[in-house]
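Worksheet: one structure, shown below.
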Amino acid sequence: AQSVTQLGSHVSVSEGALVLLRCNYSSSVPPYLFWYVQYPNQGLQLLLKYTTGATLVKGINGFEAEFKKSETSFHLTKPSAHMSDAAEYFCAVSTTSGTYKYIFGTGTRLKVLA
Amino acid sequence: ETGVTQSPTHLIKTRGQQVTLRCSSQSGHNTVSWYQQALGQGPQFIFQYYREEENGRGNFPPRFSGLQFPNYSSELNVNALELDDSALYLCASSTGQGTDTQYFGPGTRLTVL
């Protein structure tokens, strides 16, 4: 069975500092991996995804993530945090056959300090 | 291009009642997935509809049921509401392919009193 673990339910960074949100997955087959962002009282917006190919994936708003098979990780980074990045971030793994459902982590709430 | 829309935005029900939530999928998408997001949790997969047929179900009881219509819009029905059903219900549309992105609607906030 597939699963996702997000380390750190809350992360605080200063404006302009590096953002690092951690995601580890468990999957018996090559996974499809996603990062979504959720602003208060809103749905989920895709930041980036990895399916196949290049392991460093660039997304919107300056975010990127690197798929590391040996570490079963897909950490999300951004070189310089902006106040508008404050939100909840979810990592998800998609099943790769049958029903293409997402399995989400429990989320990381990012706080950006002025 | 119209995105995924959901109605209503908010809903308050009492225990034991029934509720219907609605979702309009994005143009060109034939698959709708429903997720339940309890407060402080990640979304949990309820079920998926592909071309009007249920195509997979998560660990939810039968009182959670759904429909998909010929225009690929969808309904989620919950009978005999329980307090624990209070959550944000999200629908997502896609083309049904594994590598495809699921596009989420804004959600319906259901409160059960």
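Chain lettering (A, B, ...) mirrors the order of the structure tokens, residue numbering begins at 1 for each chain separately, and ligand numbering begins at 1 in order of display.
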
Compute the chain B side of the contact with chain A at 7 Å, counting only C-alpha atoms, and hand it back as a PDB file with N, CA, C and O atoms, in the first residue's frame.
```pdb
ATOM      1  N   GLN B  41      -6.530  17.789   8.842  1.00  0.00           N
ATOM      2  CA  GLN B  41      -6.093  16.545   8.189  1.00  0.00           C
ATOM      3  C   GLN B  41      -5.917  16.745   6.692  1.00  0.00           C
ATOM      4  O   GLN B  41      -6.373  17.739   6.121  1.00  0.00           O
ATOM      5  N   GLY B  42      -5.262  15.789   6.064  1.00  0.00           N
ATOM      6  CA  GLY B  42      -5.202  15.788   4.610  1.00  0.00           C
ATOM      7  C   GLY B  42      -6.470  15.183   4.037  1.00  0.00           C
ATOM      8  O   GLY B  42      -7.196  14.463   4.729  1.00  0.00           O
ATOM      9  N   PRO B  43      -6.757  15.471   2.781  1.00  0.00           N
ATOM     10  CA  PRO B  43      -7.943  14.895   2.150  1.00  0.00           C
ATOM     11  C   PRO B  43      -7.875  13.370   2.102  1.00  0.00           C
ATOM     12  O   PRO B  43      -6.815  12.792   1.879  1.00  0.00           O
ATOM     13  N   PHE B  45      -9.644   9.985   0.248  1.00  0.00           N
ATOM     14  CA  PHE B  45     -10.374   9.578  -0.943  1.00  0.00           C
ATOM     15  C   PHE B  45     -11.676   8.877  -0.564  1.00  0.00           C
ATOM     16  O   PHE B  45     -11.666   7.926   0.222  1.00  0.00           O
ATOM     17  N   ASN B  55     -15.626   4.026 -10.103  1.00  0.00           N
ATOM     18  CA  ASN B  55     -14.332   3.461 -10.503  1.00  0.00           C
ATOM     19  C   ASN B  55     -13.379   3.433  -9.325  1.00  0.00           C
ATOM     20  O   ASN B  55     -12.261   3.899  -9.405  1.00  0.00           O
ATOM     21  N   GLY B  56     -13.813   2.910  -8.220  1.00  0.00           N
ATOM     22  CA  GLY B  56     -12.945   2.831  -7.061  1.00  0.00           C
ATOM     23  C   GLY B  56     -13.549   3.563  -5.878  1.00  0.00           C
ATOM     24  O   GLY B  56     -14.210   4.594  -6.045  1.00  0.00           O
ATOM     25  N   GLY B  96      -8.695  11.072 -16.052  1.00  0.00           N
ATOM     26  CA  GLY B  96      -8.705   9.672 -15.657  1.00  0.00           C
ATOM     27  C   GLY B  96      -7.408   8.938 -15.928  1.00  0.00           C
ATOM     28  O   GLY B  96      -7.281   7.752 -15.629  1.00  0.00           O
ATOM     29  N   GLY B  98      -3.378   8.205 -15.215  1.00  0.00           N
ATOM     30  CA  GLY B  98      -2.582   8.221 -13.991  1.00  0.00           C
ATOM     31  C   GLY B  98      -1.657   9.409 -13.864  1.00  0.00           C
ATOM     32  O   GLY B  98      -1.439   9.922 -12.774  1.00  0.00           O
ATOM     33  N   THR B  99      -1.103   9.854 -14.980  1.00  0.00           N
ATOM     34  CA  THR B  99      -0.164  10.968 -14.905  1.00  0.00           C
ATOM     35  C   THR B  99      -0.862  12.313 -14.923  1.00  0.00           C
ATOM     36  O   THR B  99      -0.219  13.343 -14.747  1.00  0.00           O
ATOM     37  N   PHE B 104      -8.831  20.561  -8.382  1.00  0.00           N
ATOM     38  CA  PHE B 104      -9.773  20.594  -7.271  1.00  0.00           C
ATOM     39  C   PHE B 104     -10.675  21.820  -7.317  1.00  0.00           C
ATOM     40  O   PHE B 104     -10.251  22.911  -7.703  1.00  0.00           O
ATOM     41  N   GLY B 105     -11.898  21.601  -6.868  1.00  0.00           N
ATOM     42  CA  GLY B 105     -12.803  22.705  -6.655  1.00  0.00           C
ATOM     43  C   GLY B 105     -12.555  23.345  -5.300  1.00  0.00           C
ATOM     44  O   GLY B 105     -11.718  22.878  -4.527  1.00  0.00           O
ATOM     45  N   PRO B 106     -13.300  24.416  -4.996  1.00  0.00           N
ATOM     46  CA  PRO B 106     -13.092  25.143  -3.736  1.00  0.00           C
ATOM     47  C   PRO B 106     -13.633  24.412  -2.518  1.00  0.00           C
ATOM     48  O   PRO B 106     -13.303  24.788  -1.389  1.00  0.00           O
ATOM     49  N   GLY B 107     -14.448  23.397  -2.729  1.00  0.00           N
ATOM     50  CA  GLY B 107     -14.949  22.614  -1.610  1.00  0.00           C
ATOM     51  C   GLY B 107     -16.292  23.083  -1.075  1.00  0.00           C
ATOM     52  O   GLY B 107     -16.715  24.224  -1.299  1.00  0.00           O
TER      53      GLY B 107
END
```

Checklist entry - Counting only C-alpha atoms, what is within 8 Å of stretch 16-25 of chain A, bar same-chain residues fewer than 4 positions away, as a list in words? => result Gln2, Ser3, Val4, Thr5, Gln6, Leu7, Gly8, Val11, Glu71, Thr72, Ser73, Phe74, His75, Leu76, Thr77, Lys78, Pro79, Ser80, Ala81, His82, Cys91, Val93 and Thr108 of chain A

Can I get the selection written as a JSON list (two decimals), in the first residue's frame, with C-alpha atoms?
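Result written to again38.json:
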```
[["chain", "number", "residue", "atom", "x", "y", "z"],
["A", 2, "GLN", "CA", 1.13, 3.52, -0.70],
["A", 3, "SER", "CA", 1.50, 6.20, 1.94],
["A", 4, "VAL", "CA", 2.90, 9.68, 2.46],
["A", 5, "THR", "CA", 4.57, 11.14, 5.54],
["A", 6, "GLN", "CA", 5.06, 14.86, 5.95],
["A", 7, "LEU", "CA", 7.53, 15.70, 8.69],
["A", 8, "GLY", "CA", 6.60, 18.81, 10.62],
["A", 11, "VAL", "CA", 7.09, 25.21, 9.83],
["A", 71, "GLU", "CA", 15.65, 8.23, -0.01],
["A", 72, "THR", "CA", 11.96, 7.80, -0.99],
["A", 73, "SER", "CA", 11.65, 11.55, -0.66],
["A", 74, "PHE", "CA", 10.07, 14.41, -2.55],
["A", 75, "HIS", "CA", 10.91, 17.51, -0.52],
["A", 76, "LEU", "CA", 9.57, 20.91, -1.56],
["A", 77, "THR", "CA", 11.86, 23.93, -1.57],
["A", 78, "LYS", "CA", 11.82, 27.61, -2.38],
["A", 79, "PRO", "CA", 14.97, 29.73, -2.15],
["A", 80, "SER", "CA", 13.33, 32.82, -0.69],
["A", 81, "ALA", "CA", 10.06, 32.85, 1.25],
["A", 82, "HIS", "CA", 7.45, 35.50, 0.63],
["A", 91, "CYS", "CA", 2.23, 16.11, -0.55],
["A", 93, "VAL", "CA", 1.18, 10.09, -4.11],
["A", 108, "THR", "CA", 2.42, 21.20, 6.71]]
```

Next on the checklist: From the options B:Asn71, B:Thr5, B:Asn79, B:Asn30, which residue's atoms come nearest to B:Val112, counting only C-alpha atoms?
Outcome noted: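 Checking each candidate against B:Val112, we get B:Asn79 as the closest.
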
DSSP-assigned strand (DSSP E or B) members of chain A, reported as a PDB file with N, CA and C atoms, in the first residue's frame:
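Written output follows (selection.pdb):
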```
ATOM      1  N   SER A   3       1.741   5.241   0.867  1.00  0.00           N
ATOM      2  CA  SER A   3       1.501   6.197   1.938  1.00  0.00           C
ATOM      3  C   SER A   3       2.440   7.380   1.788  1.00  0.00           C
ATOM      4  N   VAL A   4       2.107   8.455   2.473  1.00  0.00           N
ATOM      5  CA  VAL A   4       2.902   9.675   2.459  1.00  0.00           C
ATOM      6  C   VAL A   4       3.073  10.159   3.887  1.00  0.00           C
ATOM      7  N   THR A   5       4.285  10.567   4.219  1.00  0.00           N
ATOM      8  CA  THR A   5       4.567  11.143   5.536  1.00  0.00           C
ATOM      9  C   THR A   5       5.152  12.527   5.344  1.00  0.00           C
ATOM     10  N   HIS A  10       3.939  22.005  11.402  1.00  0.00           N
ATOM     11  CA  HIS A  10       4.067  23.456  11.338  1.00  0.00           C
ATOM     12  C   HIS A  10       5.533  23.811  11.085  1.00  0.00           C
ATOM     13  N   VAL A  11       5.747  24.704  10.131  1.00  0.00           N
ATOM     14  CA  VAL A  11       7.085  25.205   9.827  1.00  0.00           C
ATOM     15  C   VAL A  11       7.028  26.728   9.761  1.00  0.00           C
ATOM     16  N   SER A  12       7.954  27.373  10.442  1.00  0.00           N
ATOM     17  CA  SER A  12       8.045  28.839  10.402  1.00  0.00           C
ATOM     18  C   SER A  12       9.374  29.248   9.793  1.00  0.00           C
ATOM     19  N   VAL A  13       9.334  30.201   8.886  1.00  0.00           N
ATOM     20  CA  VAL A  13      10.556  30.737   8.281  1.00  0.00           C
ATOM     21  C   VAL A  13      10.431  32.258   8.228  1.00  0.00           C
ATOM     22  N   SER A  14      11.549  32.912   8.176  1.00  0.00           N
ATOM     23  CA  SER A  14      11.551  34.360   8.012  1.00  0.00           C
ATOM     24  C   SER A  14      11.396  34.708   6.540  1.00  0.00           C
ATOM     25  N   VAL A  19      12.751  27.942   2.153  1.00  0.00           N
ATOM     26  CA  VAL A  19      11.638  27.106   2.577  1.00  0.00           C
ATOM     27  C   VAL A  19      11.976  25.655   2.239  1.00  0.00           C
ATOM     28  N   LEU A  20      11.829  24.769   3.224  1.00  0.00           N
ATOM     29  CA  LEU A  20      12.025  23.333   3.010  1.00  0.00           C
ATOM     30  C   LEU A  20      10.893  22.596   3.695  1.00  0.00           C
ATOM     31  N   LEU A  21      10.059  21.944   2.912  1.00  0.00           N
ATOM     32  CA  LEU A  21       8.969  21.143   3.455  1.00  0.00           C
ATOM     33  C   LEU A  21       9.228  19.695   3.045  1.00  0.00           C
ATOM     34  N   ASN A  24       8.085  12.218   2.596  1.00  0.00           N
ATOM     35  CA  ASN A  24       8.579  10.883   2.295  1.00  0.00           C
ATOM     36  C   ASN A  24       7.404   9.999   1.896  1.00  0.00           C
ATOM     37  N   TYR A  25       7.633   9.115   0.968  1.00  0.00           N
ATOM     38  CA  TYR A  25       6.544   8.283   0.465  1.00  0.00           C
ATOM     39  C   TYR A  25       6.924   6.818   0.591  1.00  0.00           C
ATOM     40  N   SER A  26       5.909   6.005   0.530  1.00  0.00           N
ATOM     41  CA  SER A  26       6.085   4.568   0.481  1.00  0.00           C
ATOM     42  C   SER A  26       5.282   4.048  -0.699  1.00  0.00           C
ATOM     43  N   TYR A  32       3.785   8.391  -8.750  1.00  0.00           N
ATOM     44  CA  TYR A  32       3.549   9.738  -9.247  1.00  0.00           C
ATOM     45  C   TYR A  32       3.380  10.606  -8.006  1.00  0.00           C
ATOM     46  N   LEU A  33       4.061  11.708  -7.944  1.00  0.00           N
ATOM     47  CA  LEU A  33       4.090  12.535  -6.733  1.00  0.00           C
ATOM     48  C   LEU A  33       3.654  13.958  -7.034  1.00  0.00           C
ATOM     49  N   PHE A  34       2.971  14.545  -6.080  1.00  0.00           N
ATOM     50  CA  PHE A  34       2.398  15.880  -6.270  1.00  0.00           C
ATOM     51  C   PHE A  34       2.586  16.719  -5.010  1.00  0.00           C
ATOM     52  N   TRP A  35       2.696  18.011  -5.186  1.00  0.00           N
ATOM     53  CA  TRP A  35       2.576  18.967  -4.102  1.00  0.00           C
ATOM     54  C   TRP A  35       1.443  19.917  -4.450  1.00  0.00           C
ATOM     55  N   TYR A  36       0.555  20.090  -3.444  1.00  0.00           N
ATOM     56  CA  TYR A  36      -0.547  21.031  -3.568  1.00  0.00           C
ATOM     57  C   TYR A  36      -0.451  22.053  -2.447  1.00  0.00           C
ATOM     58  N   VAL A  37      -0.992  23.241  -2.696  1.00  0.00           N
ATOM     59  CA  VAL A  37      -1.082  24.282  -1.676  1.00  0.00           C
ATOM     60  C   VAL A  37      -2.553  24.605  -1.438  1.00  0.00           C
ATOM     61  N   GLN A  38      -2.868  24.876  -0.185  1.00  0.00           N
ATOM     62  CA  GLN A  38      -4.239  25.232   0.172  1.00  0.00           C
ATOM     63  C   GLN A  38      -4.224  26.502   1.002  1.00  0.00           C
ATOM     64  N   LEU A  44      -7.601  22.991  -3.248  1.00  0.00           N
ATOM     65  CA  LEU A  44      -6.187  22.687  -3.432  1.00  0.00           C
ATOM     66  C   LEU A  44      -5.723  23.160  -4.803  1.00  0.00           C
ATOM     67  N   GLN A  45      -4.544  23.764  -4.824  1.00  0.00           N
ATOM     68  CA  GLN A  45      -3.946  24.231  -6.073  1.00  0.00           C
ATOM     69  C   GLN A  45      -2.648  23.482  -6.309  1.00  0.00           C
ATOM     70  N   LEU A  46      -2.475  22.949  -7.510  1.00  0.00           N
ATOM     71  CA  LEU A  46      -1.262  22.208  -7.821  1.00  0.00           C
ATOM     72  C   LEU A  46      -0.057  23.134  -7.884  1.00  0.00           C
ATOM     73  N   LEU A  47       1.001  22.746  -7.164  1.00  0.00           N
ATOM     74  CA  LEU A  47       2.278  23.456  -7.248  1.00  0.00           C
ATOM     75  C   LEU A  47       3.178  22.817  -8.293  1.00  0.00           C
ATOM     76  N   LEU A  48       3.293  21.484  -8.223  1.00  0.00           N
ATOM     77  CA  LEU A  48       4.153  20.761  -9.147  1.00  0.00           C
ATOM     78  C   LEU A  48       3.861  19.272  -9.040  1.00  0.00           C
ATOM     79  N   LYS A  49       4.372  18.521 -10.030  1.00  0.00           N
ATOM     80  CA  LYS A  49       4.184  17.078 -10.003  1.00  0.00           C
ATOM     81  C   LYS A  49       5.372  16.378 -10.645  1.00  0.00           C
ATOM     82  N   TYR A  50       5.612  15.156 -10.206  1.00  0.00           N
ATOM     83  CA  TYR A  50       6.609  14.282 -10.801  1.00  0.00           C
ATOM     84  C   TYR A  50       5.919  13.021 -11.280  1.00  0.00           C
ATOM     85  N   LEU A  56      14.325  16.631 -10.887  1.00  0.00           N
ATOM     86  CA  LEU A  56      14.128  17.960 -10.307  1.00  0.00           C
ATOM     87  C   LEU A  56      12.973  18.620 -11.051  1.00  0.00           C
ATOM     88  N   VAL A  57      11.929  18.898 -10.317  1.00  0.00           N
ATOM     89  CA  VAL A  57      10.708  19.422 -10.917  1.00  0.00           C
ATOM     90  C   VAL A  57      10.497  20.857 -10.469  1.00  0.00           C
ATOM     91  N   LYS A  58      10.259  21.720 -11.413  1.00  0.00           N
ATOM     92  CA  LYS A  58       9.981  23.135 -11.095  1.00  0.00           C
ATOM     93  C   LYS A  58       8.484  23.383 -11.199  1.00  0.00           C
ATOM     94  N   GLU A  64      10.170  24.283  -6.136  1.00  0.00           N
ATOM     95  CA  GLU A  64      10.668  23.124  -6.845  1.00  0.00           C
ATOM     96  C   GLU A  64      10.790  21.954  -5.887  1.00  0.00           C
ATOM     97  N   ALA A  65      10.870  20.745  -6.438  1.00  0.00           N
ATOM     98  CA  ALA A  65      10.991  19.547  -5.616  1.00  0.00           C
ATOM     99  C   ALA A  65      11.867  18.549  -6.361  1.00  0.00           C
ATOM    100  N   GLU A  66      12.573  17.749  -5.594  1.00  0.00           N
ATOM    101  CA  GLU A  66      13.454  16.750  -6.188  1.00  0.00           C
ATOM    102  C   GLU A  66      13.026  15.356  -5.757  1.00  0.00           C
ATOM    103  N   PHE A  67      12.785  14.498  -6.734  1.00  0.00           N
ATOM    104  CA  PHE A  67      12.448  13.103  -6.477  1.00  0.00           C
ATOM    105  C   PHE A  67      13.746  12.336  -6.230  1.00  0.00           C
ATOM    106  N   LYS A  68      13.855  11.755  -5.038  1.00  0.00           N
ATOM    107  CA  LYS A  68      15.031  10.949  -4.697  1.00  0.00           C
ATOM    108  C   LYS A  68      14.564   9.548  -4.363  1.00  0.00           C
ATOM    109  N   SER A  73      12.043  10.205  -1.074  1.00  0.00           N
ATOM    110  CA  SER A  73      11.650  11.548  -0.660  1.00  0.00           C
ATOM    111  C   SER A  73      11.263  12.416  -1.841  1.00  0.00           C
ATOM    112  N   PHE A  74      10.509  13.444  -1.545  1.00  0.00           N
ATOM    113  CA  PHE A  74      10.074  14.410  -2.552  1.00  0.00           C
ATOM    114  C   PHE A  74       9.881  15.738  -1.822  1.00  0.00           C
ATOM    115  N   HIS A  75      10.970  16.288  -1.315  1.00  0.00           N
ATOM    116  CA  HIS A  75      10.909  17.511  -0.517  1.00  0.00           C
ATOM    117  C   HIS A  75      10.670  18.741  -1.387  1.00  0.00           C
ATOM    118  N   LEU A  76       9.920  19.668  -0.855  1.00  0.00           N
ATOM    119  CA  LEU A  76       9.567  20.911  -1.561  1.00  0.00           C
ATOM    120  C   LEU A  76      10.450  22.041  -1.055  1.00  0.00           C
ATOM    121  N   THR A  77      11.008  22.815  -1.969  1.00  0.00           N
ATOM    122  CA  THR A  77      11.863  23.935  -1.571  1.00  0.00           C
ATOM    123  C   THR A  77      11.525  25.192  -2.352  1.00  0.00           C
ATOM    124  N   LYS A  78      11.893  26.318  -1.721  1.00  0.00           N
ATOM    125  CA  LYS A  78      11.821  27.615  -2.376  1.00  0.00           C
ATOM    126  C   LYS A  78      12.951  28.442  -1.805  1.00  0.00           C
ATOM    127  N   ALA A  87       0.573  29.263   3.976  1.00  0.00           N
ATOM    128  CA  ALA A  87      -0.539  28.408   3.557  1.00  0.00           C
ATOM    129  C   ALA A  87      -0.284  27.010   4.104  1.00  0.00           C
ATOM    130  N   GLU A  88      -1.175  26.077   3.745  1.00  0.00           N
ATOM    131  CA  GLU A  88      -0.987  24.660   4.087  1.00  0.00           C
ATOM    132  C   GLU A  88      -0.537  23.950   2.818  1.00  0.00           C
ATOM    133  N   TYR A  89       0.451  23.094   2.974  1.00  0.00           N
ATOM    134  CA  TYR A  89       1.019  22.383   1.838  1.00  0.00           C
ATOM    135  C   TYR A  89       0.826  20.882   2.028  1.00  0.00           C
ATOM    136  N   PHE A  90       0.364  20.234   0.965  1.00  0.00           N
ATOM    137  CA  PHE A  90       0.109  18.804   1.009  1.00  0.00           C
ATOM    138  C   PHE A  90       0.917  18.083  -0.060  1.00  0.00           C
ATOM    139  N   CYS A  91       1.555  17.019   0.362  1.00  0.00           N
ATOM    140  CA  CYS A  91       2.234  16.115  -0.550  1.00  0.00           C
ATOM    141  C   CYS A  91       1.292  14.945  -0.818  1.00  0.00           C
ATOM    142  N   ALA A  92       1.268  14.454  -2.034  1.00  0.00           N
ATOM    143  CA  ALA A  92       0.381  13.344  -2.375  1.00  0.00           C
ATOM    144  C   ALA A  92       1.076  12.384  -3.316  1.00  0.00           C
ATOM    145  N   VAL A  93       0.716  11.116  -3.188  1.00  0.00           N
ATOM    146  CA  VAL A  93       1.181  10.092  -4.110  1.00  0.00           C
ATOM    147  C   VAL A  93      -0.047   9.546  -4.822  1.00  0.00           C
ATOM    148  N   SER A  94       0.087   9.312  -6.098  1.00  0.00           N
ATOM    149  CA  SER A  94      -1.022   8.777  -6.871  1.00  0.00           C
ATOM    150  C   SER A  94      -0.783   7.313  -7.151  1.00  0.00           C
ATOM    151  N   TYR A 102      -5.541   9.879  -5.199  1.00  0.00           N
ATOM    152  CA  TYR A 102      -4.424  10.472  -4.482  1.00  0.00           C
ATOM    153  C   TYR A 102      -4.465  10.036  -3.022  1.00  0.00           C
ATOM    154  N   ILE A 103      -3.286   9.779  -2.484  1.00  0.00           N
ATOM    155  CA  ILE A 103      -3.128   9.556  -1.056  1.00  0.00           C
ATOM    156  C   ILE A 103      -2.316  10.728  -0.526  1.00  0.00           C
ATOM    157  N   PHE A 104      -2.921  11.487   0.363  1.00  0.00           N
ATOM    158  CA  PHE A 104      -2.317  12.719   0.855  1.00  0.00           C
ATOM    159  C   PHE A 104      -1.618  12.517   2.184  1.00  0.00           C
ATOM    160  N   THR A 108       1.511  20.348   5.957  1.00  0.00           N
ATOM    161  CA  THR A 108       2.425  21.199   6.715  1.00  0.00           C
ATOM    162  C   THR A 108       1.961  22.639   6.574  1.00  0.00           C
ATOM    163  N   ARG A 109       1.723  23.269   7.708  1.00  0.00           N
ATOM    164  CA  ARG A 109       1.317  24.672   7.678  1.00  0.00           C
ATOM    165  C   ARG A 109       2.555  25.539   7.719  1.00  0.00           C
ATOM    166  N   LEU A 110       2.736  26.341   6.701  1.00  0.00           N
ATOM    167  CA  LEU A 110       3.900  27.224   6.599  1.00  0.00           C
ATOM    168  C   LEU A 110       3.531  28.620   7.076  1.00  0.00           C
ATOM    169  N   LYS A 111       4.310  29.110   8.011  1.00  0.00           N
ATOM    170  CA  LYS A 111       4.158  30.474   8.514  1.00  0.00           C
ATOM    171  C   LYS A 111       5.383  31.268   8.092  1.00  0.00           C
ATOM    172  N   VAL A 112       5.175  32.452   7.553  1.00  0.00           N
ATOM    173  CA  VAL A 112       6.277  33.303   7.120  1.00  0.00           C
ATOM    174  C   VAL A 112       6.309  34.528   8.012  1.00  0.00           C
ATOM    175  N   LEU A 113       7.437  34.720   8.659  1.00  0.00           N
ATOM    176  CA  LEU A 113       7.599  35.816   9.623  1.00  0.00           C
ATOM    177  C   LEU A 113       8.234  37.030   8.975  1.00  0.00           C
TER     178      LEU A 113
END
```

Next on the checklist: Quick one: residues within 6 Å of B:Thr31, only C-alpha atoms, excluding same-chain residues fewer than 3 positions away - as number ranges by chain?
Outcome noted: B: 49-50, 93-96

Write out as a PDB file with C-alpha atoms, in the first residue's frame each polymer residue whose atoms come within 12 Å of B:Leu110, counting only C-alpha atoms; drop sequence neighbours fewer than 4 positions from it.
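Saved file out-v1.pdb follows:
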```pdb
ATOM      1  CA  SER B   7     -22.153  23.938  -4.539  1.00  0.00           C
ATOM      2  CA  PRO B   8     -23.151  24.893  -1.994  1.00  0.00           C
ATOM      3  CA  THR B   9     -20.199  26.625  -0.365  1.00  0.00           C
ATOM      4  CA  HIS B  10     -21.384  25.987   3.160  1.00  0.00           C
ATOM      5  CA  LEU B  11     -24.038  23.740   4.608  1.00  0.00           C
ATOM      6  CA  ILE B  12     -25.333  23.101   8.109  1.00  0.00           C
ATOM      7  CA  LYS B  13     -27.282  19.932   8.852  1.00  0.00           C
ATOM      8  CA  THR B  14     -28.360  18.031  11.928  1.00  0.00           C
ATOM      9  CA  ARG B  15     -27.470  14.489  12.820  1.00  0.00           C
ATOM     10  CA  GLN B  18     -29.298  13.590   4.406  1.00  0.00           C
ATOM     11  CA  VAL B  19     -27.207  15.916   2.229  1.00  0.00           C
ATOM     12  CA  THR B  20     -26.363  16.258  -1.467  1.00  0.00           C
ATOM     13  CA  LEU B  21     -23.266  18.058  -2.652  1.00  0.00           C
ATOM     14  CA  GLN B  36     -13.217  14.373   2.605  1.00  0.00           C
ATOM     15  CA  GLN B  37     -10.911  16.722   4.490  1.00  0.00           C
ATOM     16  CA  ALA B  38     -11.490  16.776   8.225  1.00  0.00           C
ATOM     17  CA  LEU B  39     -10.154  19.721  10.193  1.00  0.00           C
ATOM     18  CA  VAL B  78     -24.494  11.288   2.477  1.00  0.00           C
ATOM     19  CA  LEU B  81     -25.383  12.204   8.879  1.00  0.00           C
ATOM     20  CA  GLU B  82     -23.097  11.797  11.876  1.00  0.00           C
ATOM     21  CA  LEU B  83     -21.173  14.457  13.765  1.00  0.00           C
ATOM     22  CA  ASP B  84     -17.894  13.087  12.339  1.00  0.00           C
ATOM     23  CA  ASP B  85     -19.114  13.832   8.830  1.00  0.00           C
ATOM     24  CA  SER B  86     -18.381  17.501   9.496  1.00  0.00           C
ATOM     25  CA  ALA B  87     -15.592  18.317   7.043  1.00  0.00           C
ATOM     26  CA  LEU B  88     -14.612  20.073   3.848  1.00  0.00           C
ATOM     27  CA  TYR B  89     -15.700  17.990   0.874  1.00  0.00           C
ATOM     28  CA  LEU B  90     -13.560  18.423  -2.193  1.00  0.00           C
TER      29      LEU B  90
END
```

Checklist entry - Can you tell me, as a count of residues only, what residues are no more than 7 Å from B:Gln68 when counting only C-alpha atoms, ignoring any on the same chain fewer than 3 positions away? => result 6

Item to check | Atomic separation - atom CA of A:Thr55 relative to atom CA of B:Gln48, Å | outcome: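 Calculated distance between atom CA of B:Gln48 and atom CA of A:Thr55 is 28.9 Å.
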
Checklist entry - B:Ser65: which residues within 7 Å, counting only C-alpha atoms, same-chain residues fewer than 3 positions away excluded, as a list in words? => result Pro62, Leu76, Asn77 and Val78 of chain B

Please produce a file of those selected residues containing all heavy atoms, as a PDB file, in the first residue's frame.
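File written: result19.pdb
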```pdb
ATOM      1  N   PRO B  62     -21.329   2.674   3.166  1.00  0.00           N
ATOM      2  CA  PRO B  62     -22.270   2.776   2.035  1.00  0.00           C
ATOM      3  C   PRO B  62     -23.198   3.987   2.100  1.00  0.00           C
ATOM      4  O   PRO B  62     -23.780   4.345   1.084  1.00  0.00           O
ATOM      5  CB  PRO B  62     -23.066   1.469   2.131  1.00  0.00           C
ATOM      6  CG  PRO B  62     -22.185   0.542   2.882  1.00  0.00           C
ATOM      7  CD  PRO B  62     -21.423   1.380   3.849  1.00  0.00           C
ATOM      8  N   LEU B  76     -22.423  14.008  -4.600  1.00  0.00           N
ATOM      9  CA  LEU B  76     -22.077  13.179  -3.453  1.00  0.00           C
ATOM     10  C   LEU B  76     -23.260  13.236  -2.502  1.00  0.00           C
ATOM     11  O   LEU B  76     -23.705  14.330  -2.137  1.00  0.00           O
ATOM     12  CB  LEU B  76     -20.818  13.711  -2.775  1.00  0.00           C
ATOM     13  CG  LEU B  76     -20.517  13.214  -1.359  1.00  0.00           C
ATOM     14  CD1 LEU B  76     -20.225  11.726  -1.364  1.00  0.00           C
ATOM     15  CD2 LEU B  76     -19.336  13.987  -0.758  1.00  0.00           C
ATOM     16  N   ASN B  77     -23.781  12.092  -2.136  1.00  0.00           N
ATOM     17  CA  ASN B  77     -24.887  12.008  -1.200  1.00  0.00           C
ATOM     18  C   ASN B  77     -24.411  11.330   0.078  1.00  0.00           C
ATOM     19  O   ASN B  77     -23.705  10.318   0.019  1.00  0.00           O
ATOM     20  CB  ASN B  77     -26.033  11.191  -1.792  1.00  0.00           C
ATOM     21  CG  ASN B  77     -26.569  11.813  -3.067  1.00  0.00           C
ATOM     22  OD1 ASN B  77     -27.216  12.851  -3.030  1.00  0.00           O
ATOM     23  ND2 ASN B  77     -26.281  11.208  -4.204  1.00  0.00           N
ATOM     24  N   VAL B  78     -24.809  11.904   1.195  1.00  0.00           N
ATOM     25  CA  VAL B  78     -24.494  11.288   2.477  1.00  0.00           C
ATOM     26  C   VAL B  78     -25.803  11.155   3.251  1.00  0.00           C
ATOM     27  O   VAL B  78     -26.492  12.157   3.492  1.00  0.00           O
ATOM     28  CB  VAL B  78     -23.482  12.106   3.297  1.00  0.00           C
ATOM     29  CG1 VAL B  78     -23.075  11.324   4.549  1.00  0.00           C
ATOM     30  CG2 VAL B  78     -22.262  12.465   2.466  1.00  0.00           C
TER      31      VAL B  78
END
```
